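Q: The structure is given below, and queries will be raised subsequently.
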Amino acid sequence: MARYEDLVRSGLSLEESIVRGSADRLNPILMTALTSALALVPLALAGDLPGGEIQSPMARVILGGLITSTLAGLLVLPVVYGVVKKKDKKTKRQRDKEFERPSTP
């Protein structure tokens, strides 16, 4: 989210900053998740081998968490950020409009 804020401050629109900020974060997020997932796949698939009774279910849970957190970071977070910022902007405009009105007794 700090990257989005930096891009907005540099003059980009909200939508442009979300797209560019997400593109900037895509490579590090995917590389981290992929390296971890590749290490866990053999453990997840070795459930029927001796000693894999505990490791295999644990590896599957960790893989599920990796997939979920990766999708959340790449898809959900930018959408939620955009919705919240648009709502903040709308609320700020309404507040500014209220302060501009002259008060009538």
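All residue names refer to the structure tokens as shown: chains lettered A, B, ... in order, residues numbered from 1 in each chain, ligands numbered from 1 in order.
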Which residues, written as a VMD selection string, have at least one atom at most 7 Å from Ile18 (chain A), with only C-alpha atoms counted and residues fewer than 4 positions away on the same chain left out?
A: chain A and resid 4 14 22 78
Q: What lies within 10 Å of region 51-66 of chain A using only C-alpha atoms, ignoring chain neighbours under 2 positions off, as number ranges by chain?
A: A: 32-34, 36-49, 68-72
Q: Quick one: pick out all alpha helix (DSSP H) residues within chain A from a backbone DSSP run and write them as number ranges by chain.
A: A: 2-9, 14-45, 52-71, 77-100
